[in-house]
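Reproduced below: target.pdb, with PDB, C-alpha atoms.
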ATOM      1  CA  MET D  13      28.640  -5.095  18.848
ATOM      2  CA  THR D  14      29.123  -3.569  22.284
ATOM      3  CA  GLU D  15      26.302  -1.944  24.236
ATOM      4  CA  ALA D  16      28.063   1.415  23.883
ATOM      5  CA  ASP D  17      28.338   1.053  20.111
ATOM      6  CA  PHE D  18      24.675   0.059  19.822
ATOM      7  CA  ALA D  19      23.641   3.047  21.947
ATOM      8  CA  PHE D  20      25.683   5.338  19.703
ATOM      9  CA  LEU D  21      24.061   3.902  16.571
ATOM     10  CA  ARG D  22      20.573   4.258  18.019
ATOM     11  CA  LEU D  23      21.199   7.930  18.770
ATOM     12  CA  LEU D  24      22.748   8.553  15.344
ATOM     13  CA  LEU D  25      19.788   6.987  13.547
ATOM     14  CA  GLN D  26      17.299   8.902  15.696
ATOM     15  CA  GLN D  27      18.976  12.220  14.978
ATOM     16  CA  ARG D  28      19.612  11.655  11.269
ATOM     17  CA  SER D  29      16.433   9.907  10.175
ATOM     18  CA  GLY D  30      13.970   9.790  13.068
ATOM     19  CA  LEU D  31      14.197   5.992  13.110
ATOM     20  CA  SER D  32      13.519   4.674  16.593
ATOM     21  CA  LEU D  33      15.605   1.508  16.891
ATOM     22  CA  THR D  34      14.412  -0.423  19.918
ATOM     23  CA  ALA D  35      16.692  -2.576  22.051
ATOM     24  CA  ASP D  36      15.283  -5.793  20.599
ATOM     25  CA  LYS D  37      16.427  -4.743  17.102
ATOM     26  CA  ARG D  38      20.121  -5.122  17.904
ATOM     27  CA  TYR D  39      20.266  -8.288  15.789
ATOM     28  CA  LEU D  40      18.908  -6.311  12.833
ATOM     29  CA  ALA D  41      21.616  -3.666  13.199
ATOM     30  CA  GLU D  42      24.317  -6.325  13.380
ATOM     31  CA  SER D  43      22.979  -8.094  10.298
ATOM     32  CA  ARG D  44      22.544  -5.036   8.070
ATOM     33  CA  LEU D  45      25.675  -3.213   9.193
ATOM     34  CA  GLY D  46      27.689  -6.404   8.809
ATOM     35  CA  ILE D  47      26.749  -6.382   5.131
ATOM     36  CA  LEU D  48      27.683  -2.700   4.914
ATOM     37  CA  CYS D  49      31.095  -3.440   6.457
ATOM     38  CA  ARG D  50      31.807  -6.053   3.788
ATOM     39  CA  ARG D  51      30.702  -3.687   1.023
ATOM     40  CA  ARG D  52      32.984  -0.914   2.274
ATOM     41  CA  SER D  53      35.882  -3.199   3.276
ATOM     42  CA  VAL D  54      35.611  -2.276   6.960
ATOM     43  CA  VAL D  55      36.947  -4.927   9.359
ATOM     44  CA  ASP D  56      33.872  -5.117  11.623
ATOM     45  CA  ILE D  57      31.060  -3.086  13.141
ATOM     46  CA  GLU D  58      33.279  -1.808  15.959
ATOM     47  CA  ALA D  59      35.623  -0.328  13.354
ATOM     48  CA  LEU D  60      32.633   1.134  11.527
ATOM     49  CA  VAL D  61      31.401   2.839  14.688
ATOM     50  CA  ARG D  62      34.894   4.206  15.383
ATOM     51  CA  GLN D  63      34.813   5.908  11.986
ATOM     52  CA  LEU D  64      31.335   7.250  12.664
ATOM     53  CA  ARG D  65      32.364   8.663  16.039
ATOM     54  CA  LEU D  66      34.995  10.819  14.318
ATOM     55  CA  GLY D  67      32.181  12.636  12.546
ATOM     56  CA  ARG D  68      34.271  13.281   9.438
ATOM     57  CA  ASP D  69      32.499  11.074   6.916
ATOM     58  CA  PRO D  70      28.950  12.203   6.068
ATOM     59  CA  ASP D  71      28.834   9.654   3.235
ATOM     60  CA  LEU D  72      29.383   6.859   5.753
ATOM     61  CA  GLU D  73      26.612   8.235   7.973
ATOM     62  CA  SER D  74      24.283   8.276   4.974
ATOM     63  CA  ALA D  75      25.253   4.701   4.114
ATOM     64  CA  VAL D  76      24.403   3.573   7.662
ATOM     65  CA  VAL D  77      21.019   5.315   7.500
ATOM     66  CA  ASP D  78      20.351   3.704   4.097
ATOM     67  CA  ALA D  79      21.279   0.284   5.445
ATOM     68  CA  MET D  80      18.978   0.590   8.438
ATOM     69  CA  THR D  81      16.007   2.191   6.700
ATOM     70  CA  THR D  82      13.272  -0.281   5.859
ATOM     71  CA  ASN D  83      12.486  -0.239   2.130
ATOM     72  CA  GLU D  84       9.724  -2.819   2.032
ATOM     73  CA  THR D  85       6.991  -1.915  -0.445
ATOM     74  CA  LEU D  86       4.979  -3.253  -3.359
ATOM     75  CA  PHE D  87       2.597  -2.136  -6.095
ATOM     76  CA  PHE D  88      -0.883  -1.146  -4.874
ATOM     77  CA  ARG D  89       0.155  -1.947  -1.306
ATOM     78  CA  ASP D  90      -2.869  -2.583   0.939
ATOM     79  CA  GLN D  91      -5.111  -1.859  -2.064
ATOM     80  CA  THR D  92      -7.764   0.119  -0.124
ATOM     81  CA  PRO D  93      -5.959   3.513  -0.304
ATOM     82  CA  PHE D  94      -5.660   3.143  -4.071
ATOM     83  CA  ASN D  95      -9.357   2.359  -4.434
ATOM     84  CA  LEU D  96     -10.032   5.412  -2.274
ATOM     85  CA  PHE D  97      -7.766   7.513  -4.471
ATOM     86  CA  ARG D  98      -9.393   6.303  -7.688
ATOM     87  CA  ASP D  99     -13.044   6.447  -6.575
ATOM     88  CA  VAL D 100     -13.176   9.348  -4.111
ATOM     89  CA  ILE D 101     -10.088  11.546  -4.020
ATOM     90  CA  LEU D 102      -9.271  11.812  -7.711
ATOM     91  CA  PRO D 103     -12.813  12.715  -8.892
ATOM     92  CA  ALA D 104     -13.070  15.329  -6.134
ATOM     93  CA  ARG D 105      -9.703  16.891  -6.976
ATOM     94  CA  LEU D 106     -10.446  16.997 -10.709
ATOM     95  CA  ALA D 107     -13.674  18.850  -9.985
ATOM     96  CA  ALA D 108     -12.014  21.236  -7.528
ATOM     97  CA  ASN D 109      -9.114  22.000  -9.894
ATOM     98  CA  ALA D 110     -11.095  22.276 -13.118
ATOM     99  CA  ALA D 111     -10.126  25.947 -13.502
ATOM    100  CA  THR D 112      -6.368  25.477 -13.014
ATOM    101  CA  ARG D 113      -6.231  22.037 -14.676
ATOM    102  CA  SER D 114      -3.403  20.963 -12.405
ATOM    103  CA  LEU D 115      -2.945  18.153  -9.893
ATOM    104  CA  ARG D 116      -0.061  17.725  -7.451
ATOM    105  CA  ILE D 117       0.605  14.545  -5.453
ATOM    106  CA  TRP D 118       3.397  13.872  -2.959
ATOM    107  CA  CYS D 119       4.471  10.351  -2.033
ATOM    108  CA  ALA D 120       6.607  10.856   1.074
ATOM    109  CA  ALA D 121       8.934   7.955   1.978
ATOM    110  CA  VAL D 122       8.423   6.560  -1.527
ATOM    111  CA  SER D 123      11.103   3.857  -1.199
ATOM    112  CA  SER D 124      11.704   2.069  -4.523
ATOM    113  CA  GLY D 125       8.860   3.856  -6.286
ATOM    114  CA  GLN D 126       6.014   1.353  -6.492
ATOM    115  CA  GLU D 127       3.498   3.616  -4.741
ATOM    116  CA  ALA D 128       4.181   6.594  -7.024
ATOM    117  CA  TYR D 129       4.036   4.453 -10.160
ATOM    118  CA  SER D 130       0.810   2.814  -8.963
ATOM    119  CA  LEU D 131      -0.806   6.253  -8.698
ATOM    120  CA  ALA D 132       0.583   7.276 -12.084
ATOM    121  CA  MET D 133      -0.973   4.192 -13.696
ATOM    122  CA  LEU D 134      -4.355   4.964 -12.141
ATOM    123  CA  ILE D 135      -4.202   8.539 -13.430
ATOM    124  CA  ASP D 136      -3.132   7.333 -16.871
ATOM    125  CA  GLU D 137      -6.281   5.222 -17.030
ATOM    126  CA  LEU D 138      -8.300   8.458 -17.357
ATOM    127  CA  GLY D 139      -6.767   9.026 -20.802
ATOM    128  CA  ASP D 140      -8.193  11.982 -22.746
ATOM    129  CA  ARG D 141     -10.119  13.246 -19.731
ATOM    130  CA  LEU D 142      -6.828  14.738 -18.516
ATOM    131  CA  ALA D 143      -5.781  16.241 -21.851
ATOM    132  CA  GLY D 144      -4.280  19.654 -21.123
ATOM    133  CA  TRP D 145      -3.829  18.949 -17.420
ATOM    134  CA  LYS D 146      -0.525  19.406 -15.620
ATOM    135  CA  ILE D 147       0.034  16.327 -13.449
ATOM    136  CA  GLU D 148       2.886  16.326 -10.925
ATOM    137  CA  ILE D 149       3.768  13.316  -8.778
ATOM    138  CA  LEU D 150       6.681  13.858  -6.404
ATOM    139  CA  GLY D 151       8.300  10.876  -4.694
ATOM    140  CA  THR D 152      10.769  11.559  -1.886
ATOM    141  CA  ASP D 153      12.887   9.350   0.334
ATOM    142  CA  ILE D 154      15.856   9.756   2.659
ATOM    143  CA  SER D 155      17.829   7.065   0.837
ATOM    144  CA  ALA D 156      19.718   8.182  -2.279
ATOM    145  CA  GLU D 157      20.413   4.554  -3.163
ATOM    146  CA  ILE D 158      16.784   3.457  -3.160
ATOM    147  CA  LEU D 159      15.798   6.536  -5.183
ATOM    148  CA  GLU D 160      18.182   5.478  -7.950
ATOM    149  CA  LYS D 161      16.308   2.199  -8.180
ATOM    150  CA  ALA D 162      13.005   4.080  -8.232
ATOM    151  CA  ARG D 163      14.147   6.285 -11.113
ATOM    152  CA  THR D 164      15.074   3.327 -13.276
ATOM    153  CA  GLY D 165      11.653   1.759 -12.703
ATOM    154  CA  ILE D 166      13.158  -1.716 -13.087
ATOM    155  CA  TYR D 167      11.754  -4.517 -10.931
ATOM    156  CA  SER D 168      12.321  -8.233 -10.546
ATOM    157  CA  GLN D 169       9.703 -10.844 -11.340
ATOM    158  CA  PHE D 170       9.157 -11.254  -7.593
ATOM    159  CA  GLU D 171       8.512  -7.519  -7.146
ATOM    160  CA  ILE D 172       6.178  -7.437 -10.136
ATOM    161  CA  GLN D 173       4.105 -10.327  -8.803
ATOM    162  CA  ARG D 174       3.451  -8.539  -5.531
ATOM    163  CA  GLY D 175       0.233  -6.599  -6.087
ATOM    164  CA  LEU D 176       0.421  -5.637  -9.763
ATOM    165  CA  PRO D 177      -2.644  -6.587 -11.844
ATOM    166  CA  ILE D 178      -1.736  -8.509 -14.995
ATOM    167  CA  GLN D 179      -3.508  -5.951 -17.225
ATOM    168  CA  MET D 180      -1.299  -3.160 -15.904
ATOM    169  CA  LEU D 181       1.822  -5.263 -16.308
ATOM    170  CA  LEU D 182       1.016  -5.840 -19.976
ATOM    171  CA  LYS D 183       0.050  -2.215 -20.590
ATOM    172  CA  HIS D 184       2.679  -0.285 -18.653
ATOM    173  CA  PHE D 185       5.830  -2.453 -18.534
ATOM    174  CA  GLN D 186       8.458  -3.755 -20.931
ATOM    175  CA  GLN D 187      10.538  -6.836 -20.226
ATOM    176  CA  VAL D 188      14.259  -6.166 -19.852
ATOM    177  CA  GLY D 189      16.102  -9.474 -19.633
ATOM    178  CA  ASP D 190      14.644 -11.291 -16.651
ATOM    179  CA  LYS D 191      13.228  -8.044 -15.184
ATOM    180  CA  TRP D 192      10.471  -5.559 -16.000
ATOM    181  CA  GLN D 193      10.699  -1.795 -16.526
ATOM    182  CA  VAL D 194       7.936   0.773 -16.122
ATOM    183  CA  SER D 195       7.137   2.453 -19.443
ATOM    184  CA  GLN D 196       8.723   5.798 -20.233
ATOM    185  CA  ARG D 197       5.286   7.435 -20.273
ATOM    186  CA  ILE D 198       4.558   6.406 -16.678
ATOM    187  CA  ARG D 199       8.101   7.158 -15.489
ATOM    188  CA  SER D 200       7.857  10.661 -16.959
ATOM    189  CA  MET D 201       4.897  11.377 -14.679
ATOM    190  CA  VAL D 202       6.978  10.983 -11.513
ATOM    191  CA  GLU D 203       9.853  13.058 -10.161
ATOM    192  CA  PHE D 204      12.043  11.594  -7.417
ATOM    193  CA  ARG D 205      13.982  13.738  -4.924
ATOM    194  CA  GLN D 206      15.970  12.995  -1.801
ATOM    195  CA  HIS D 207      14.349  14.438   1.296
ATOM    196  CA  ASN D 208      14.412  13.830   5.050
ATOM    197  CA  LEU D 209      10.931  14.115   6.566
ATOM    198  CA  LEU D 210      12.464  15.751   9.647
ATOM    199  CA  GLU D 211      13.624  18.713   7.553
ATOM    200  CA  ARG D 212      11.684  21.714   6.269
ATOM    201  CA  ASN D 213       9.809  21.192   3.031
ATOM    202  CA  ASP D 214       8.607  24.706   2.121
ATOM    203  CA  PRO D 215      10.225  24.702  -1.368
ATOM    204  CA  PHE D 216       7.986  21.815  -2.403
ATOM    205  CA  GLY D 217       4.893  24.019  -2.378
ATOM    206  CA  ARG D 218       1.417  22.640  -1.722
ATOM    207  CA  PHE D 219      -0.154  19.369  -2.811
ATOM    208  CA  ASP D 220      -3.682  18.175  -3.510
ATOM    209  CA  VAL D 221      -2.885  14.726  -2.128
ATOM    210  CA  ILE D 222      -0.155  13.532   0.242
ATOM    211  CA  PHE D 223       0.634   9.864   0.793
ATOM    212  CA  CYS D 224       2.804   9.232   3.858
ATOM    213  CA  ARG D 225       2.157   5.554   4.399
ATOM    214  CA  ASN D 226       3.937   3.000   6.583
ATOM    215  CA  VAL D 227       6.708   5.286   7.790
ATOM    216  CA  LEU D 228       5.371   6.796  11.032
ATOM    217  CA  ILE D 229       5.312   3.310  12.566
ATOM    218  CA  TYR D 230       9.119   3.451  12.760
ATOM    219  CA  PHE D 231       9.183   6.727  14.723
ATOM    220  CA  ASP D 232       8.688   7.534  18.383
ATOM    221  CA  VAL D 233       5.818   9.834  19.382
ATOM    222  CA  PRO D 234       7.740  13.161  19.370
ATOM    223  CA  THR D 235       9.130  12.363  15.909
ATOM    224  CA  LYS D 236       5.692  11.418  14.570
ATOM    225  CA  MET D 237       4.351  14.745  15.827
ATOM    226  CA  LYS D 238       7.175  16.668  14.185
ATOM    227  CA  VAL D 239       6.714  14.921  10.826
ATOM    228  CA  LEU D 240       2.953  15.579  10.814
ATOM    229  CA  GLU D 241       3.528  19.187  11.832
ATOM    230  CA  LEU D 242       5.844  19.632   8.846
ATOM    231  CA  LEU D 243       3.559  17.839   6.383
ATOM    232  CA  ALA D 244       0.227  19.482   7.262
ATOM    233  CA  PRO D 245       1.062  22.929   5.782
ATOM    234  CA  ARG D 246       1.989  21.291   2.473
ATOM    235  CA  LEU D 247      -1.602  20.101   1.960
ATOM    236  CA  VAL D 248      -4.072  22.426   0.206
ATOM    237  CA  PRO D 249      -7.031  23.379   2.442
ATOM    238  CA  ASP D 250      -9.396  20.836   0.888
ATOM    239  CA  GLY D 251      -6.746  18.239   0.092
ATOM    240  CA  ALA D 252      -6.447  14.581   1.068
ATOM    241  CA  PHE D 253      -3.842  13.025   3.374
ATOM    242  CA  LEU D 254      -3.323   9.264   3.645
ATOM    243  CA  LEU D 255      -1.434   7.172   6.197
ATOM    244  CA  GLY D 256      -0.810   3.447   6.441
ATOM    245  CA  ALA D 257      -3.418   1.065   7.822
ATOM    246  CA  ALA D 258      -1.651   0.843  11.200
ATOM    247  CA  GLU D 259      -1.105   4.599  11.509
ATOM    248  CA  THR D 260      -3.217   7.502  12.766
ATOM    249  CA  VAL D 261      -3.031  11.213  13.532
ATOM    250  CA  LEU D 262      -5.067  10.809  16.727
ATOM    251  CA  GLY D 263      -3.209  12.324  19.652
ATOM    252  CA  LEU D 264      -0.404  13.412  17.325
ATOM    253  CA  ALA D 265      -1.734  16.307  15.267
ATOM    254  CA  THR D 266      -4.346  19.036  15.664
ATOM    255  CA  LYS D 267      -4.360  20.348  12.094
ATOM    256  CA  LEU D 268      -5.189  16.971  10.556
ATOM    257  CA  VAL D 269      -8.199  14.884  11.539
ATOM    258  CA  CYS D 270      -9.990  11.786  10.286
ATOM    259  CA  ASP D 271     -12.323  12.237   7.349
ATOM    260  CA  PRO D 272     -15.829  11.541   8.722
ATOM    261  CA  GLN D 273     -16.848   9.525   5.660
ATOM    262  CA  HIS D 274     -13.777   7.518   4.718
ATOM    263  CA  ARG D 275     -11.602   5.477   7.026
ATOM    264  CA  GLY D 276      -7.865   5.969   6.461
ATOM    265  CA  LEU D 277      -8.336   9.394   4.883
ATOM    266  CA  TYR D 278      -7.378  12.578   6.726
ATOM    267  CA  ARG D 279      -8.252  16.212   6.108
ATOM    268  CA  HIS D 280      -7.515  19.627   7.508
ATOM    269  CA  ALA D 281      -9.655  20.013  10.617
ATOM    270  CA  SER D 282     -11.873  22.757   9.153
ATOM    271  CA  MET D 283     -12.566  20.789   5.973
ATOM    272  CA  ALA D 284     -13.395  17.581   7.864
ATOM    273  CA  ALA D 285     -15.972  19.484   9.918
ATOM    274  CA  ALA D 286     -17.615  20.774   6.742
ATOM    275  CA  LEU D 287     -17.684  17.311   5.189
ATOM    276  CA  ALA D 288     -19.353  15.883   8.270
ATOM    277  CA  THR D 289     -22.484  17.915   7.515
ATOM    278  CA  SER D 290     -22.689  17.332   3.756
ATOM    279  CA  ALA D 291     -21.739  14.045   2.074
ATOM    280  CA  ALA D 292     -20.420  14.356  -1.482
ATOM    281  CA  PRO D 293     -22.847  12.697  -3.925
ATOM    282  CA  GLY D 294     -22.031  10.233  -6.665
ATOM    283  CA  LEU D 295     -18.890   8.771  -5.163
ATOM    284  CA  ARG D 296     -19.858   5.191  -4.585
ATOM    285  CA  PRO D 297     -16.780   2.892  -4.556
ATOM    286  CA  ARG D 298     -16.111   0.493  -7.388
ATOM    287  CA  PRO D 299     -14.750  -3.050  -7.029
ATOM    288  CA  ALA D 300     -11.185  -3.550  -5.813
ATOM    289  CA  ILE D 301      -8.442  -2.802  -8.317
ATOM    290  CA  ALA D 302      -6.830  -6.190  -8.353
ATOM    291  CA  ALA D 303      -9.579  -8.520  -7.262
ATOM    292  CA  GLY D 304      -8.711 -11.946  -8.575
ATOM    293  CA  MET D 305      -6.110 -10.552 -10.999
ATOM    294  CA  ARG D 306      -2.679 -10.921  -9.490
ATOM    295  CA  GLY D 307       0.268 -10.774 -11.842
TER
END

Can you turn what I pasted into structure tokens?
Amino acid sequence: MTEADFAFLRLLLQQRSGLSLTADKRYLAESRLGILCRRRSVVDIEALVRQLRLGRDPDLESAVVDAMTTNETLFFRDQTPFNLFRDVILPARLAANAATRSLRIWCAAVSSGQEAYSLAMLIDELGDRLAGWKIEILGTDISAEILEKARTGIYSQFEIQRGLPIQMLLKHFQQVGDKWQVSQRIRSMVEFRQHNLLERNDPFGRFDVIFCRNVLIYFDVPTKMKVLELLAPRLVPDGAFLLGAAETVLGLATKLVCDPQHRGLYRHASMAAALATSAAPGLRPRPAIAAGMRG
């Protein structure tokens, strides 16, 4: 790949997806786009870039973005946010929404669906306590291809073993050949839609909880600021916003700030200030979800 072609690809990816591809990731572009060339019967990457430069094939542009977007995820990834959701966020939201009996959750950059299904399984554990409630879990991603995988809810043995407690495997999955599929009940709790985080999201409405984990790390600072600016209005005033362990809103957003009581949890600035003066009682954390119980 020539320097000019790599520069063109970097700009294309930045504009289409926000992905900031640094100069040292040229090998990654050559590897992934080489596979794409073989799949689409294109001679080489130079020929691929020539087609892209014509600007007449939006499907090809989407395929390049899909190929370069990182889709690494697993069930109950990092564990702590899910304990926080189960022990702190969910009880608080159920109390706050007792009158409307509705709960809305958005998993932005949901990849192949494990995060959304992990949350659905935690909610399902409440059983009859949520009888009559309307539960909505929205999972969005820029990649149409990875969303198709998420909708099927079918995972390999390797994917299942990464973070999923054995009890949940036995309760919520059926074996399909040498793979495992999420039960219809859990799949019905999640809706998947294609969405670019750089685009407006007003039609989605507001959410009680927003997970946007392990995606900002791939963006440059201006793009991170734009994504947070677009996401903040989608959170209800007393809602909960979660980022990945290596991510923060510090220096990037004014409307979202760190929750004073819980590391990794973010709130609207006004709500965080109120929480700083009055700790919510009765929300002591329970043991980790998957302690000593890997599938």

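Atom CA of D:Asp250 lies 7.0 Å from atom CA of D:His280.
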
Near D:Phe223, counting all atoms listed in the file, which residues have an atom at most 9 Å away, once you skip same-chain residues fewer than 5 positions from it, shown as a ChimeraX atom specification?
/D:117-122,127,252-256

Once the PyMOL selection byres ((chain D and resi 86) around 8) has been applied to the shown file, what residues remain in the selection, as a VMD selection string?
chain D and resid 84 to 85 87 to 89 126 to 127 171 174 to 175

Atomic separation - atom CA of D:Glu58 relative to atom CA of D:Glu15, Å:
10.8 Å

Compare D:Arg225, D:Pro249, D:Leu66, D:Asp232 by their minimum atom-to-atom distance to D:Phe94, counting all atoms listed in the file, and give me the closest one.
D:Arg225

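For the atom pair formed by atom CA of D:Gln206 and atom CA of D:Glu241, the distance is 19.5 Å, given to one decimal.
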
Residues in the PyMOL selection byres ((chain D and resi 251) around 10), expressed as a short mmCIF file (atom, residue, chain, number, x, y, z; two decimals) with C-alpha atoms, in the coordinates of the input:
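Heads up, here's the output in expr-v8.cif:
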data_model
loop_
_atom_site.label_atom_id
_atom_site.label_comp_id
_atom_site.auth_asym_id
_atom_site.auth_seq_id
_atom_site.Cartn_x
_atom_site.Cartn_y
_atom_site.Cartn_z
CA ILE D 101 -10.09 11.55 -4.02
CA ALA D 104 -13.07 15.33 -6.13
CA ARG D 105 -9.70 16.89 -6.98
CA ALA D 108 -12.01 21.24 -7.53
CA ILE D 117 0.60 14.54 -5.45
CA ARG D 218 1.42 22.64 -1.72
CA PHE D 219 -0.15 19.37 -2.81
CA ASP D 220 -3.68 18.18 -3.51
CA VAL D 221 -2.88 14.73 -2.13
CA ILE D 222 -0.16 13.53 0.24
CA ARG D 246 1.99 21.29 2.47
CA LEU D 247 -1.60 20.10 1.96
CA VAL D 248 -4.07 22.43 0.21
CA PRO D 249 -7.03 23.38 2.44
CA ASP D 250 -9.40 20.84 0.89
CA ALA D 252 -6.45 14.58 1.07
CA PHE D 253 -3.84 13.02 3.37
CA TYR D 278 -7.38 12.58 6.73
CA ARG D 279 -8.25 16.21 6.11
CA HIS D 280 -7.52 19.63 7.51
CA MET D 283 -12.57 20.79 5.97
#

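When all atoms listed in the file are used to measure the gap to D:Phe231, the shortest distance among D:Ser123, D:Leu264, D:Asp36, D:Asn213 belongs to D:Leu264.
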
Output requested as a short mmCIF file (atom, residue, chain, number, x, y, z; two decimals), keeping the file's coordinate frame - stretch 135-149 of chain D, filled out with N, CA and C atoms.
data_model
loop_
_atom_site.label_atom_id
_atom_site.label_comp_id
_atom_site.auth_asym_id
_atom_site.auth_seq_id
_atom_site.Cartn_x
_atom_site.Cartn_y
_atom_site.Cartn_z
N ILE D 135 -3.92 7.27 -12.76
CA ILE D 135 -4.20 8.54 -13.43
C ILE D 135 -4.18 8.36 -14.94
N ASP D 136 -3.24 7.57 -15.43
CA ASP D 136 -3.13 7.33 -16.87
C ASP D 136 -4.38 6.66 -17.43
N GLU D 137 -5.08 5.90 -16.58
CA GLU D 137 -6.28 5.22 -17.03
C GLU D 137 -7.38 6.21 -17.45
N LEU D 138 -7.29 7.46 -17.00
CA LEU D 138 -8.30 8.46 -17.36
C LEU D 138 -8.13 8.96 -18.79
N GLY D 139 -6.98 8.72 -19.38
CA GLY D 139 -6.77 9.03 -20.80
C GLY D 139 -7.07 10.47 -21.17
N ASP D 140 -7.92 10.66 -22.19
CA ASP D 140 -8.19 11.98 -22.75
C ASP D 140 -8.89 12.91 -21.77
N ARG D 141 -9.47 12.38 -20.72
CA ARG D 141 -10.12 13.25 -19.73
C ARG D 141 -9.13 14.22 -19.09
N LEU D 142 -7.84 13.87 -19.11
CA LEU D 142 -6.83 14.74 -18.52
C LEU D 142 -6.00 15.46 -19.58
N ALA D 143 -6.48 15.50 -20.80
CA ALA D 143 -5.78 16.24 -21.85
C ALA D 143 -5.69 17.72 -21.45
N GLY D 144 -4.49 18.26 -21.49
CA GLY D 144 -4.28 19.65 -21.12
C GLY D 144 -4.03 19.88 -19.65
N TRP D 145 -4.10 18.82 -18.86
CA TRP D 145 -3.83 18.95 -17.42
C TRP D 145 -2.33 18.84 -17.15
N LYS D 146 -1.90 19.54 -16.10
CA LYS D 146 -0.52 19.41 -15.62
C LYS D 146 -0.55 18.50 -14.40
N ILE D 147 0.02 17.31 -14.54
CA ILE D 147 0.03 16.33 -13.45
C ILE D 147 1.45 16.24 -12.89
N GLU D 148 1.58 16.44 -11.59
CA GLU D 148 2.89 16.33 -10.92
C GLU D 148 2.79 15.30 -9.80
N ILE D 149 3.65 14.29 -9.86
CA ILE D 149 3.77 13.32 -8.78
C ILE D 149 5.20 13.38 -8.27
#
